[in-house]
Each structure stands twice: as structure tokens, then as C-alpha cells.
Amino acid sequence: MMPDLSLSSAVLPAILLGIAAIIVFGILGVFFAVQRARLPEATRLWDLQTRIASAQTELAEKQEKIREAERNISERDRYAAEAEALKRLIEDLKLELDGLADARREIDAAKSDAAEAAAELARVGQELETRKAELDRMREDLDPARLDALRAEVARLTDERSQLEEALGPLRAERDAAWRLIEEATRAERRRAEAAADIERLEQAKAALAPEVSRLQQEVETARADRASALGAVQDLQDERSRLDARIAALRSEVEAAVAETERLSRAQAELGPEVARLRTELDAVRADRTTALDAVEALRGERSRLDARVEALRAEAENFEAGRSAHGPAGVVDGPQVDPETLLADLRILPAMLSSPPTLRDAPLPEPEALHALDQHLDRSGLRFSTRVRYAFHTALKINDFAQLTVLAGVSGTGKSLLPRKYAEALGIHFLQIAVEPRWDSPQDLLGFHNYVEGKYRATDLARLLYQTDPLDPGKDKRDHVSLVLLDEMNLARVEYYFSEFLSRLEARPRWIGPDAPLDPERWRDATIPLDVRGLSEAMALRPGHGVLFAGTMNDDESTQALSDKVLDRGNVMQFAAPRSFPSADDAAPGPAAEALPLKTWRGWINAGGSLGQAQRERVERTVGELAGIMDQCGRPFGFRLRDSIQAYAANYPHEGNGAPDVAVPLADQVELRILPKLRGVEIGDHRDAFERLGYLVRDKLGDAELADRLGALVEQQETSGGLFVWRGLTRDG
């Protein structure tokens with residue numbers, strides 16, 4: 001650091017002036033002593049009082065000027081003080097402090113001499129008082145001649161005094177400058193102490209700010225990383241913009257080509273005008289010929305009707321011949337000999353393997369919360385991470401199978417759609433049957449089996465065997481009190497309406513559950529009975545799906561699958577699985593199936609009637625259903641009582657923790673996701689934007705499901721620009 005040269009140039013002259021002042025004061029003292037020794041007492045002392053008064057007046061004026069100068073210097077220092085200058089000043093003062101030690105000692109000596117001079121002045125004052133008294137006495141004794149001589153001497157001394165005063169002026173100025181330098185040195189020392197205190201305070205502040213500085217440095221590093229990421233994103237956007245520019249250029253070329261083609265076609269149309277007129281004439285002739293041909297077609301239709309009648313007669317003759325040959329007749333009473341029912345139904349009466357595990361019913365009661373806890377543990381140990389909302393939604397959808405007979409798990413392949421039903425059945429002790437749907441399926445026989453005329457018996461499927469073993473009207477069936485879950489895997493590889501439509505209608509027609517001890521009334525089950533094509537029995541054979549048989553299905557979202565019809569959507573809950581965000585590994589010690597089967601009585605005990613909701617909850621459900629009905633009607637997809645009853649049943653059966661009134665907002669939001677959004681598939685977003693906004697507002701603000709509302713809004717924005725048609729793609733929930 002460079003020393004402050006202005007300070008050094010000010011201090012050294014101050015020291016020299018201080019020394020010069022001391023020398024001058026000493027010389028003046030000697031001079032006055034010599035003068036006093038030369039003059040007589042009266043001459044030397046007669047005007048001493050006047051001179052003292054004059055000196056005091058002059059000293060007061062000088063002191064006032066000194067104070068004024070000090071004020072000016074203080075004002076200058078106050079405006080000139082800065083932190084960096086103080087630091088340099090402190091460093092310089094530290095370097096020069098040792099060099100000023102001698103000056104301090106000389107200044108102290110000067111102060112001591114000044115004190116002695118003041119004491120001498122006081123002594124002289126006392127002496128003047130004494131001499132003044134003597135002078136008064138002497139004046140009385142002096143003669144006029146002597147007085148004239150004294151006056152002349154006084155005049156001479158006055159001149160000498162003037163000369164001395166003239167010589168004393170510069171010395172006083174030098175003395176004043178020395179005092180100013182002394183004051184400046186004192187102030188500099190004081191400023192040095194203040195600066196040292198400021199430095200110490202700044203060091204403490206620096207130490208206190210060190211953690212904040214470190215945090216800011218980390219934030220700077222994070223900001224730099226974010227900036228790098230943002231730059232990468234900008235680069236990606238620039239690349240995307242370049243691709244879009246190329247695409248726009250290509251489209252412009254195509255538009256120009258289309259315009260040119262349009263112009264060419266316009267010219268061709270003008271050129272082909274006569275040819276068009278000729279063709280119109282020929283068309284009129286063809287229409288006349290068509291009328292003649294239609295008359296011929298009508299004649300051929302009459303001939304075909306006669307041939308169809310002949311074919312039916314021949315078919316009847318063939319059936320009678322076949323019945324007489326093999327003694328197989330149509331279902332019901334036949335004319336020929338009867339076939340042994342044991343032979344016909346042997347395959348149907350086989351106990352399916354899925355009913356053997358678990359083998360026996362559970363005796364101890366199983367509360368629903370305990371069953372759900374067992375499900376959570378079973379899924380976690382199996383390495384499957386389904387959110388609580390997904391687990392509860394699947395469980396509740398199966399519970400309301402009286403109102404919604406099918407639970408569909410849809411999504412891309414590999415999202416755990418098949419594993420969730422299987423693990424659910426394992427954890428709760430439910431028999432599980434998985435059926436792989438084939439693209440060629442086109443009738444209920446693909447689900448239940450068919451009559452094999454060559455073998456002379458009915459070829460049954462595992463589903464038909466399951467329904468036979470769990471017939472609710474046959475008290476001899478020991479499996480009718482069990483619960484089974486049937487999974488139609490990849491159910492939309494074939495048209496669901498072709499092979500499962502009639503089955504859905506039979507499931508919906510099942511009578512309401514009364515209890516395990518309900519009377520066995522076949523009439524109540526008449527509409528829910530599924531006939532089997534078994535030939536050769538004296539009585540028609542039929543199956544009845546009991547309340548303990550639950551149905552679920554999986555479907556992949558790809559180009560090889562068929563969309564679900566409104567009939568299926570009206571009778572099912574569709575759980576759309578989005579692509580997973582994480583892939584946890586399974587536990588090596590994953591548990592096996594439950595040791596005991598879940599009793600149907602326990603399962604039905606978990607199901608609540610719609611009236612189990614309180615008045616406030618029922619009113620909220622009804623209001624929500626009313627708003628959903630208005631939105632769906634606005635979109636051209638209205639719904640009726642079936643869907644309303646299903647939503648109410650879902651809200652009443654959703655698992656509830658605690659003793660207070662259940663909150664129906666979560667199950668109602670689930671029903672928007674499972675029932676409403678799948679039915680909006682193919683709706684034109686641009687024409688129904690207001691309806692989608694109303695639906696988003698209902699989900700977010702009235703049902704409190706911001707996650708679902710955000711996903712819905714994102715899909716609407718994305719699909720409106722990409723194709724304009726809405727397709728629900730599912731939601732991955734974290735909680």
C-alpha cells in the first residue's frame with residue numbers, strides 16, 4: 001500500500017514549526033529579560049498592564065480564529081472521510097507512529113515550557129502590581145524635566161515595541177500553525193483509533209457474513225447449472241424450430257403444388273365440359289336400364305324366397321335324420337332315446353383348479369380395514385407400487401358389482417394391469433381365474449364351451465365349470481359360498497360385444513342380494529340364467545353367475561385392439577393406467593396366496609347400501625351427479641339411471657377411516673376418472689371447450705382433486721392442437 005504523502009508533508013513541517021516556535025519563544029524571553037535589565041524599573045514597567053491587556057485581546061482573537069479554523073477543518077474532514085481512505089490512513093499512521101515519538105516528546109517539552117511561561121507570566125503580573133504601586137509613588141516625586149526625558153525614552157521604547165510587534169507577527173503565525181498541526185495530529189490519532197474500531201467491526205461482520213457468502217456461492221453454482229440446462233433447452237427449442245421451419249417449407253411447397261393442381265383441374269373441367277354433357281346423357285340411359293334391372297331383381301328375390309323355403313325343408317329333414325341316427329335331440333324333451341347326463345356333463349362337472357386354492361373357507365371374521373392392510377403388505381412385498389387411491393378404487397369397483405358388473409384395467413402394456421387383480425385375489429383369499437381372450441372370439445360359446453357332436457358330450461371351459469360349482473340355487477355345491485375373481489386378459493383383442501354382451505346383461509339381471517339364507521327361488525334368477533347348448537338332456541341346461549363371481553378385464557392401448565362400446569362403458573369402471581415413473585424391484589421373500597378362502601358372507605358384509613350415507617353426503621352426491629349429467633349432455637354423451645346408481649353405490653362403499661362422516665369428494669373424483677372421462681373418448685375438444693372447463697372446475701374446486709384437474713387440463717391442451725379429439729390417457733398418482 002502506498003503511504004499517504006499529503007499526511008507526511010503535513011506532519012513534518014508541523015514538527016519543524018513546533019521546534020521553531022519553542023526557539024522563538026526562548027529568544028523572545030531572553031530579549032525581554034535583556035530589555036528589562038537595561039531599562040529603569042519605571043520605564044520598563046509603566047505600560048506593562050496595557051501590553052498585557054492588548055496581548056490578551058489579541059490572544060482571544062487568535063483563539064476565535066483557531067476555533068473557526070478548527071470548525072472548517074472538522075467540516076472538511078467529515079466530508080472527506082471514506083472507508084478506503086481510512087484504511088490507507090491507518091496503515092500509514094502505523095508506519096509513521098514510531099517516527100512521531102520524538103515529535104511527541106518535543107511537543108510535550110514545548111507544552112511544559114508554555115506552562116512555565118504561564119507561571120512566569122503570573123509571577124510577572126504580581127510583580128507588575130507591586131511595581132505599579134511603586135510607580136504611583138514615584139510619579140509624585142518626579143519633576144517635569146525628568147518626566148520629559150522619560151517620555152522620550154517611552155517614545156523610543158514604543159518604537160522598539162512596534163518593531164518587536166512586527167517581528168512577533170510571523171512568530172505568532174508560526175505558533176498558530178504549530179498548534180494547528182498539533183491539533184491535526186491529535187485528530188489523526190483519534191481517527192486512527194476509530195478506524196481500528198471500524199476495521200474490527202468490519203472483520204466481525206465479514207465473519208458473520210461468511211456462511212451467507214458460502215450459501216450465495218452455492219446458489220450461484222446452482223444458477224449456473226440451471227443456466228446450462230436452460231441453454232440446452234433453448235438449443236433443443238432451436239432445433240425443434242428448425243425442424244418446424246423445414247416442415248413449414250415442405251407444407252408451403254405442397255400447398256403451391258395443390259394450388260397448381262387445382263388450376264390444372266379447373267382448366268381440365270373447362271375442357272371436359274362437352275364430355276360431361278355426353279356422360280350425363282349416358283347416365284340417364286343407364287338409370288332407365290337400372291329400373292328394368294330392379295324389376296328383374298324383384299323377380300329373382302321371389303325365386304330366392306322359394307329356394308329358401310326349400311332349403312329349410314331340406315334342413316329339417318336332415319335334422320330329423322341326424323336325430324334318428326344318433327338319438328341326439330334338441331335341448332329339452334326329445335323323441336329318441338336319452339343320452340347319459342353323466343357322459344354329456346362330465347367335462348362341465350370337473351372342479352376347476354382355481355377353486356382348489358385356497359381349499360377351505362376362513363372361519364374367523366375378517367374386517368375390511370384388516371383385509372386392505374394385508375393387501376398393502378402383499379403388494380409391497382411383491383415389488384408392486386400402486387397408490388392408495390388405485391388400490392381403494394379397484395377394491396370399491398369390485399364391491400359394487402351389483403351396479404357395475406365389470407372392472408376394466410386399461411393402459412400400455414407392462415403397467416401391472418394383470419398383476420393387480422392377481423395379487424388382490426392372493427392377498428384376500430379370493431379364487432382367481434385368468435382367461436386369455438383370442439381375436440377370433442365372436443360368441444358366448446368362446447367363454448362357456450360348446451357341444452361336441454363327435455364325442456357326444458359338452459366341452460366346457462374353466463369359466464363354465466366355475467359357474468357350475470358356484471350355482472347359487474344348488475345347496476349341494478360346497479363352493480357357492482366362495483368368492484372368485486375372473487380376469488379377461490386383453491379383452492379387447494376381439495369385440496367385447498360379440499362374446500360378452502349377453503353375459504353382461506345376465507350379470508346385471510341378477511337379483512339383489514338378500515343374504516346367505518335367502519330362499520332358493522328359481523323365478524328370481526330367471527333373467528340371470530345363461531342357457532347352454534347341450535343336446536340330449538331331458539331338461540335344458542343353464543348356468544347362473546352368483547354374487548360371489550366378480551369380473552375384471554385388461555385392455556392394451558394400441559392399434560391392435562378394439563374400443564369399448566357404450567354398453568360396456570355403462571356397466572363398468574375403467575381404470576386407465578398411465579406409464580410408470582419408477583420401476584421398483586420385487587422382494588425375494590414375496591408372500592404366497594392366503595391360506596384360507598374368503599367367505600361370500602364376509603365379502604357381502606363389506607358392501608354398504610346407498611342409504612348408508614348421511615343426508616349431507618347424499619345431497620352432495622346428487623348435486624355432483626346432476627352437474628356431471630349436464631356436462632355430459634353438453635358433450636353429446638348423456639347418461640341415465642344406471643350410471644347415477646353406480647356413482648352413488650361407489651361413494652357409499654369407498655373405504656372410510658375414522659368415526660366421522662365419510663368424505664365423498666374422493667370417491668366422486670374417482671368416478672369422474674373411471675366413468676365420465678372414458679365416455680368422452682372421441683369428443684371434439686374445440687366444439688366443447690366450455691364443457692371441459694366446467695368439468696375441470698368441478699374436479700378442482702368442488703371435489704378438491706387438483707392432480708386430476710391438472711392432468712385433464714394438460715391432455716385437453718395437448719390433444720386440441722394435435723388432433724382435436726379427446727382421449728383419456730390415465731393418471732399416475734403418488735399418494
# chains A, B, ... in the order shown; residues from 1 in each chain; ligands from 1
$ residues_around --residues "Ala714 of chain A" --least-positions-apart "4" --cutoff "12 Å" --atoms "only C-alpha atoms" --output "mmCIF file with N, CA and C atoms, in the first residue's frame"
data_model
loop_
_atom_site.group_PDB
_atom_site.id
_atom_site.type_symbol
_atom_site.label_atom_id
_atom_site.label_comp_id
_atom_site.auth_asym_id
_atom_site.auth_seq_id
_atom_site.Cartn_x
_atom_site.Cartn_y
_atom_site.Cartn_z
ATOM 1 N N PHE A 692 -65.423 -28.978 -21.073
ATOM 2 C CA PHE A 692 -64.202 -29.456 -20.429
ATOM 3 C C PHE A 692 -63.760 -28.512 -19.314
ATOM 4 N N GLU A 693 -63.922 -27.218 -19.512
ATOM 5 C CA GLU A 693 -63.573 -26.258 -18.461
ATOM 6 C C GLU A 693 -64.498 -26.419 -17.260
ATOM 7 N N GLY A 696 -63.301 -29.469 -15.419
ATOM 8 C CA GLY A 696 -62.089 -29.192 -14.653
ATOM 9 C C GLY A 696 -62.373 -28.384 -13.404
ATOM 10 N N GLU A 707 -54.805 -32.715 -8.716
ATOM 11 C CA GLU A 707 -53.949 -33.568 -9.543
ATOM 12 C C GLU A 707 -54.712 -34.054 -10.784
ATOM 13 N N LEU A 708 -55.942 -34.506 -10.591
ATOM 14 C CA LEU A 708 -56.757 -34.954 -11.719
ATOM 15 C C LEU A 708 -57.116 -33.791 -12.631
ATOM 16 N N ALA A 709 -57.427 -32.626 -12.042
ATOM 17 C CA ALA A 709 -57.779 -31.458 -12.856
ATOM 18 C C ALA A 709 -56.597 -31.012 -13.711
ATOM 19 N N ASP A 710 -55.389 -31.019 -13.138
ATOM 20 C CA ASP A 710 -54.196 -30.631 -13.907
ATOM 21 C C ASP A 710 -53.951 -31.597 -15.061
ATOM 22 N N GLN A 718 -53.053 -30.437 -25.004
ATOM 23 C CA GLN A 718 -52.199 -31.202 -25.913
ATOM 24 C C GLN A 718 -52.989 -31.767 -27.088
ATOM 25 N N GLN A 719 -54.144 -32.364 -26.799
ATOM 26 C CA GLN A 719 -54.904 -33.040 -27.855
ATOM 27 C C GLN A 719 -55.672 -32.068 -28.729
ATOM 28 N N GLU A 720 -55.956 -30.883 -28.224
ATOM 29 C CA GLU A 720 -56.652 -29.901 -29.056
ATOM 30 C C GLU A 720 -55.761 -29.448 -30.208
ATOM 31 N N THR A 721 -54.452 -29.370 -29.960
ATOM 32 C CA THR A 721 -53.521 -28.946 -31.008
ATOM 33 C C THR A 721 -53.049 -30.103 -31.884
ATOM 34 N N PHE A 726 -60.698 -35.871 -27.969
ATOM 35 C CA PHE A 726 -60.265 -36.178 -26.605
ATOM 36 C C PHE A 726 -60.153 -37.688 -26.403
ATOM 37 N N VAL A 727 -59.062 -38.087 -25.765
ATOM 38 C CA VAL A 727 -58.849 -39.476 -25.360
ATOM 39 C C VAL A 727 -58.219 -39.449 -23.975
ATOM 40 N N TRP A 728 -58.861 -40.081 -23.001
ATOM 41 C CA TRP A 728 -58.329 -40.113 -21.646
ATOM 42 C C TRP A 728 -57.146 -41.076 -21.582
ATOM 43 N N ARG A 729 -55.978 -40.588 -21.127
ATOM 44 C CA ARG A 729 -54.751 -41.366 -21.101
ATOM 45 C C ARG A 729 -54.340 -41.811 -19.714
ATOM 46 N N GLY A 730 -55.151 -41.533 -18.710
ATOM 47 C CA GLY A 730 -54.848 -42.030 -17.370
ATOM 48 C C GLY A 730 -54.019 -41.058 -16.558
ATOM 49 N N LEU A 731 -53.828 -41.425 -15.298
ATOM 50 C CA LEU A 731 -53.134 -40.572 -14.333
ATOM 51 C C LEU A 731 -52.351 -41.459 -13.381
#
$ residues_around --residues "Glu490 of chain A" --least-positions-apart "4" --cutoff "8 Å" --atoms "only C-alpha atoms" --output "list in words"
Ala436, Val437, Gly553, Thr554, Met555 and Asn556 of chain A
$ write_last_selection --atoms "N, CA and C atoms" --output "PDB file, in the first residue's frame"
ATOM      1  N   ALA A 436     -57.422 -65.867 -21.253  1.00  0.00           N
ATOM      2  CA  ALA A 436     -56.793 -65.128 -22.351  1.00  0.00           C
ATOM      3  C   ALA A 436     -57.769 -65.024 -23.513  1.00  0.00           C
ATOM      4  N   VAL A 437     -58.181 -63.816 -23.821  1.00  0.00           N
ATOM      5  CA  VAL A 437     -59.116 -63.586 -24.919  1.00  0.00           C
ATOM      6  C   VAL A 437     -58.369 -63.694 -26.248  1.00  0.00           C
ATOM      7  N   GLY A 553     -61.285 -57.068 -16.342  1.00  0.00           N
ATOM      8  CA  GLY A 553     -60.663 -57.259 -17.648  1.00  0.00           C
ATOM      9  C   GLY A 553     -59.518 -56.292 -17.852  1.00  0.00           C
ATOM     10  N   THR A 554     -58.569 -56.692 -18.691  1.00  0.00           N
ATOM     11  CA  THR A 554     -57.465 -55.802 -19.053  1.00  0.00           C
ATOM     12  C   THR A 554     -57.533 -55.525 -20.544  1.00  0.00           C
ATOM     13  N   MET A 555     -57.060 -54.330 -20.925  1.00  0.00           N
ATOM     14  CA  MET A 555     -57.020 -53.983 -22.344  1.00  0.00           C
ATOM     15  C   MET A 555     -55.827 -53.073 -22.585  1.00  0.00           C
ATOM     16  N   ASN A 556     -55.121 -53.339 -23.671  1.00  0.00           N
ATOM     17  CA  ASN A 556     -53.964 -52.544 -24.054  1.00  0.00           C
ATOM     18  C   ASN A 556     -54.382 -51.432 -25.002  1.00  0.00           C
TER      19      ASN A 556
END
$ atom_distance --atom1 "atom CA of Val496 of chain A" --atom2 "atom CA of Ser565 of chain A"
8.1 Å
$ atom_distance --atom1 "atom CA of Met575 of chain A" --atom2 "atom CA of Arg389 of chain A"
11.1 Å
$ closest_residue --among "A:Leu379, A:Val716, A:Ala651, A:Ala21" --to "Gln617 of chain A" --atoms "only C-alpha atoms"
A:Ala651
$ closest_atom_pairs --of "segment 536-579 of chain A" --to "segment 473-477 of chain A" --cutoff "12 Å" --atoms "only C-alpha atoms" --output "tab-separated table"
residue	atom	partner	partner_atom	distance
A:Ala542	CA	A:Leu473	CA	11.5
A:Leu543	CA	A:Leu473	CA	10.0
A:Arg544	CA	A:Leu473	CA	8.2
A:Pro545	CA	A:Leu473	CA	10.2
A:Gly546	CA	A:Leu473	CA	8.8
A:His547	CA	A:Leu473	CA	11.5
$ select_by_dssp --residues "segment 401-532 of chain A" --states "strand (DSSP E or B)" --output "ChimeraX atom specification"
/A:406-411,431-436,449-452,457-460,482,484-489,530-531
$ atom_distance --atom1 "atom CA of Asp533 of chain A" --atom2 "atom CA of Asp442 of chain A"
15.8 Å
$ closest_residue --among "A:Asp340, A:Glu189, A:Glu438, A:Glu717" --to "Arg689 of chain A" --atoms "only C-alpha atoms"
A:Glu717
$ closest_residue --among "A:Leu171, A:Leu59, A:Ala410, A:Ala649" --to "Ile23 of chain A" --atoms "only C-alpha atoms"
A:Leu171
$ closest_residue --among "A:Leu375, A:Leu345, A:His395, A:Phe503" --to "Arg459 of chain A" --atoms "only C-alpha atoms"
A:Leu345
$ closest_residue --among "A:Arg571, A:His451, A:Arg180, A:His656" --to "Ile66 of chain A" --atoms "only C-alpha atoms"
A:Arg180
